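coords_37.cif (mmCIF, C-alpha atoms) appears below.
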```cif
data_run
#
loop_
_atom_site.label_atom_id
_atom_site.label_comp_id
_atom_site.auth_asym_id
_atom_site.auth_seq_id
_atom_site.Cartn_x
_atom_site.Cartn_y
_atom_site.Cartn_z
CA MET A 1477 166.68 138.40 91.87
CA ASN A 1478 163.91 139.04 89.38
CA LYS A 1479 164.41 141.07 86.19
CA ARG A 1480 162.12 143.88 87.32
CA ILE A 1481 164.18 144.57 90.44
CA LEU A 1482 167.41 144.43 88.41
CA GLY A 1483 165.93 146.89 85.90
CA ILE A 1484 164.89 149.31 88.64
CA ALA A 1485 168.33 149.04 90.26
CA ALA A 1486 170.04 149.77 86.93
CA LEU A 1487 167.78 152.76 86.31
CA LEU A 1488 168.53 154.16 89.77
CA ALA A 1489 172.28 153.71 89.29
CA LEU A 1490 172.12 155.52 85.95
CA SER A 1491 170.10 158.38 87.39
CA PHE A 1492 172.81 159.08 89.98
CA ALA A 1493 175.47 159.25 87.27
CA LEU A 1494 173.68 161.89 85.18
CA PRO A 1495 173.23 165.59 85.88
CA THR A 1496 169.86 166.51 87.27
CA GLY A 1497 167.55 169.49 87.06
CA VAL A 1498 168.39 172.39 84.82
CA LEU A 1499 171.95 171.23 84.10
CA ALA A 1500 170.64 168.05 82.49
CA GLN A 1501 169.02 170.19 79.78
CA GLY A 1502 172.05 172.14 78.59
CA ASP A 1503 173.10 172.57 74.96
CA ALA A 1504 176.87 172.28 74.44
CA THR A 1505 176.76 174.25 71.17
CA LYS A 1506 175.09 177.18 72.90
CA GLY A 1507 177.46 176.70 75.83
CA GLU A 1508 180.45 177.09 73.54
CA LYS A 1509 179.11 180.50 72.53
CA GLU A 1510 178.44 181.40 76.19
CA PHE A 1511 181.96 180.27 77.11
CA LYS A 1512 183.46 183.01 74.93
CA LYS A 1513 182.87 185.33 77.91
CA CYS A 1514 185.15 183.07 79.96
CA MET A 1515 187.99 182.95 77.43
CA SER A 1516 189.58 186.18 78.62
CA CYS A 1517 190.55 184.27 81.79
CA HIS A 1518 190.43 180.57 80.80
CA SER A 1519 191.62 178.35 77.96
CA ILE A 1520 189.81 175.06 77.43
CA GLU A 1521 191.82 173.06 74.91
CA GLU A 1522 193.73 169.95 75.88
CA GLY A 1523 197.21 170.99 77.00
CA GLY A 1524 196.17 174.66 76.91
CA LYS A 1525 197.94 177.27 78.97
CA ASN A 1526 196.70 178.77 82.18
CA LYS A 1527 195.68 182.40 81.98
CA THR A 1528 194.36 184.50 84.86
CA GLY A 1529 192.31 181.37 85.58
CA PRO A 1530 193.32 177.74 85.05
CA ASN A 1531 192.87 175.80 81.83
CA LEU A 1532 189.45 174.13 81.99
CA TRP A 1533 190.05 171.11 79.76
CA ASN A 1534 188.48 168.08 81.48
CA VAL A 1535 187.45 170.21 84.46
CA MET A 1536 184.48 167.99 85.34
CA ASN A 1537 186.68 164.90 85.62
CA ARG A 1538 189.89 166.11 87.20
CA GLY A 1539 188.75 167.47 90.56
CA VAL A 1540 188.61 170.91 92.13
CA ALA A 1541 191.80 173.02 92.13
CA LYS A 1542 193.87 170.32 90.42
CA VAL A 1543 195.66 172.04 87.51
CA GLU A 1544 199.36 171.57 87.98
CA GLY A 1545 201.32 174.79 87.92
CA TYR A 1546 198.32 177.04 88.61
CA LYS A 1547 198.33 179.03 91.87
CA TYR A 1548 194.82 178.79 93.28
CA SER A 1549 193.53 181.15 95.96
CA LYS A 1550 193.81 179.98 99.55
CA GLY A 1551 190.01 180.03 99.76
CA LEU A 1552 189.52 177.65 96.83
CA THR A 1553 192.36 175.39 97.94
CA LYS A 1554 190.82 175.06 101.39
CA TRP A 1555 187.31 174.59 99.95
CA SER A 1556 188.59 171.82 97.64
CA GLU A 1557 189.62 169.77 100.67
CA GLU A 1558 185.93 169.33 101.53
CA ASN A 1559 184.76 169.39 97.90
CA PRO A 1560 187.37 167.42 95.96
CA ASP A 1561 185.23 166.83 92.86
CA TRP A 1562 183.01 169.02 90.70
CA THR A 1563 179.45 167.77 90.77
CA PRO A 1564 176.69 169.23 88.60
CA GLU A 1565 175.26 170.89 91.71
CA LEU A 1566 178.57 172.45 92.78
CA MET A 1567 179.31 173.67 89.27
CA ASP A 1568 175.86 175.23 89.11
CA GLU A 1569 176.48 177.07 92.39
CA TRP A 1570 179.98 178.09 91.22
CA LEU A 1571 178.70 179.54 87.97
CA THR A 1572 175.85 181.29 89.78
CA ASN A 1573 178.12 183.18 92.18
CA SER A 1574 181.63 181.88 92.82
CA LYS A 1575 182.44 184.62 95.36
CA LYS A 1576 179.45 183.65 97.50
CA LEU A 1577 180.29 179.94 97.32
CA VAL A 1578 184.01 180.29 98.09
CA LYS A 1579 185.21 183.23 100.15
CA GLY A 1580 188.51 184.56 98.83
CA THR A 1581 188.32 183.05 95.34
CA LYS A 1582 189.88 185.01 92.48
CA MET A 1583 186.98 184.25 90.15
CA MET A 1584 184.57 187.14 89.68
CA TYR A 1585 182.03 185.54 87.30
CA LYS A 1586 178.31 185.50 88.11
CA ASN A 1587 175.61 184.02 85.91
CA LYS A 1588 172.01 184.31 87.13
CA LYS A 1589 170.50 182.69 84.01
CA GLU A 1590 169.76 179.00 84.61
CA LYS A 1591 169.63 178.08 80.91
CA SER A 1592 172.94 179.81 80.25
CA ARG A 1593 174.58 177.94 83.15
CA ALA A 1594 173.15 174.65 81.85
CA ASP A 1595 174.58 175.35 78.39
CA ILE A 1596 178.02 176.21 79.81
CA PHE A 1597 177.92 173.06 81.92
CA ALA A 1598 177.10 170.94 78.86
CA TYR A 1599 180.01 172.52 77.02
CA LEU A 1600 182.42 171.94 79.93
CA GLN A 1601 181.35 168.29 80.06
CA SER A 1602 181.98 167.93 76.32
CA MET A 1603 185.54 169.25 76.65
CA GLY A 1604 187.43 166.40 78.24
#
```
How would this structure read if it were set down as structure tokens?
Amino acid sequence: MNKRILGIAALLALSFALPTGVLAQGDATKGEKEFKKCMSCHSIEEGGKNKTGPNLWNVMNRGVAKVEGYKYSKGLTKWSEENPDWTPELMDEWLTNSKKLVKGTKMMYKNKKEKSRADIFAYLQSMG
């Protein structure tokens, strides 16, 4: 196989591994500030306790509804069967309007600002 084809294949593989669109342009430092709104319900440090919502340490790598000892809503538990992993696209939808995405979820957060969601996403990715 020639080097050009290998280079294109490598570039394509890399592009599927990275967030796309708005989420690819997030700023984790700004996201940390935005996340302060979430801290009344969520902790995000490694080994942190669950609050009203689950601890979000490593949320992008552990799967949907996977914190041991946290009682998820029936709606989110059922939804996680078809959506076992957080993707950038799912997280964007979740942060936009979790109640619309998953009927019966306990989470009430809505964020209509694309840049703010991208910053929060970048922060979540950096924490784990």
Given the file above and the PyMOL selection byres ((chain A and resi 1546) around 10), which residues are selected, and can you give them as a list in words?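 The output of the PyMOL selection byres ((chain A and resi 1546) around 10) on this file is Lys1525, Asn1526, Lys1527, Thr1528, Gly1529, Pro1530, Asn1531, Ala1541, Lys1542, Val1543, Glu1544, Gly1545, Lys1547, Tyr1548 and Ser1549 of chain A.
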Could you check how far atom CA of A:Gly1604 sits from atom CA of A:Gly1523, in Å to one decimal?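 Between atom CA of A:Gly1604 and atom CA of A:Gly1523 the gap is 10.9 Å.
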The PyMOL selection byres ((chain A and resi 1509) around 12) - which residues does that actually catch in the file I just gave you? List them as a list in words. Asp1503, Ala1504, Thr1505, Lys1506, Gly1507, Glu1508, Glu1510, Phe1511, Lys1512, Lys1513, Cys1514, Met1515, Ser1592, Arg1593, Asp1595, Ile1596, Ala1598, Tyr1599 and Leu1600 of chain A
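Selection by the PyMOL selection byres ((chain A and resi 1574) around 7) on the present file picks out Trp1570, Leu1571, Thr1572, Asn1573, Lys1575, Lys1576, Leu1577, Val1578, Met1583, Met1584, Tyr1585 and Lys1586 of chain A.
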Atom CA of A:Leu1552 to atom CA of A:Lys1591: how many Å, to one decimal?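 Going from atom CA of A:Leu1552 over to atom CA of A:Lys1591 covers 25.5 Å.
Distances from A:Glu1569, A:Pro1564, A:Leu1532, A:Lys1582 to A:Gly1551 were compared using all atoms listed in the file, and the smallest one belongs to A:Lys1582.
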Work out how far atom CA of A:Val1540 is from atom CA of A:Pro1560, in Å to one decimal.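 Atom CA of A:Val1540 lies 5.3 Å from atom CA of A:Pro1560.
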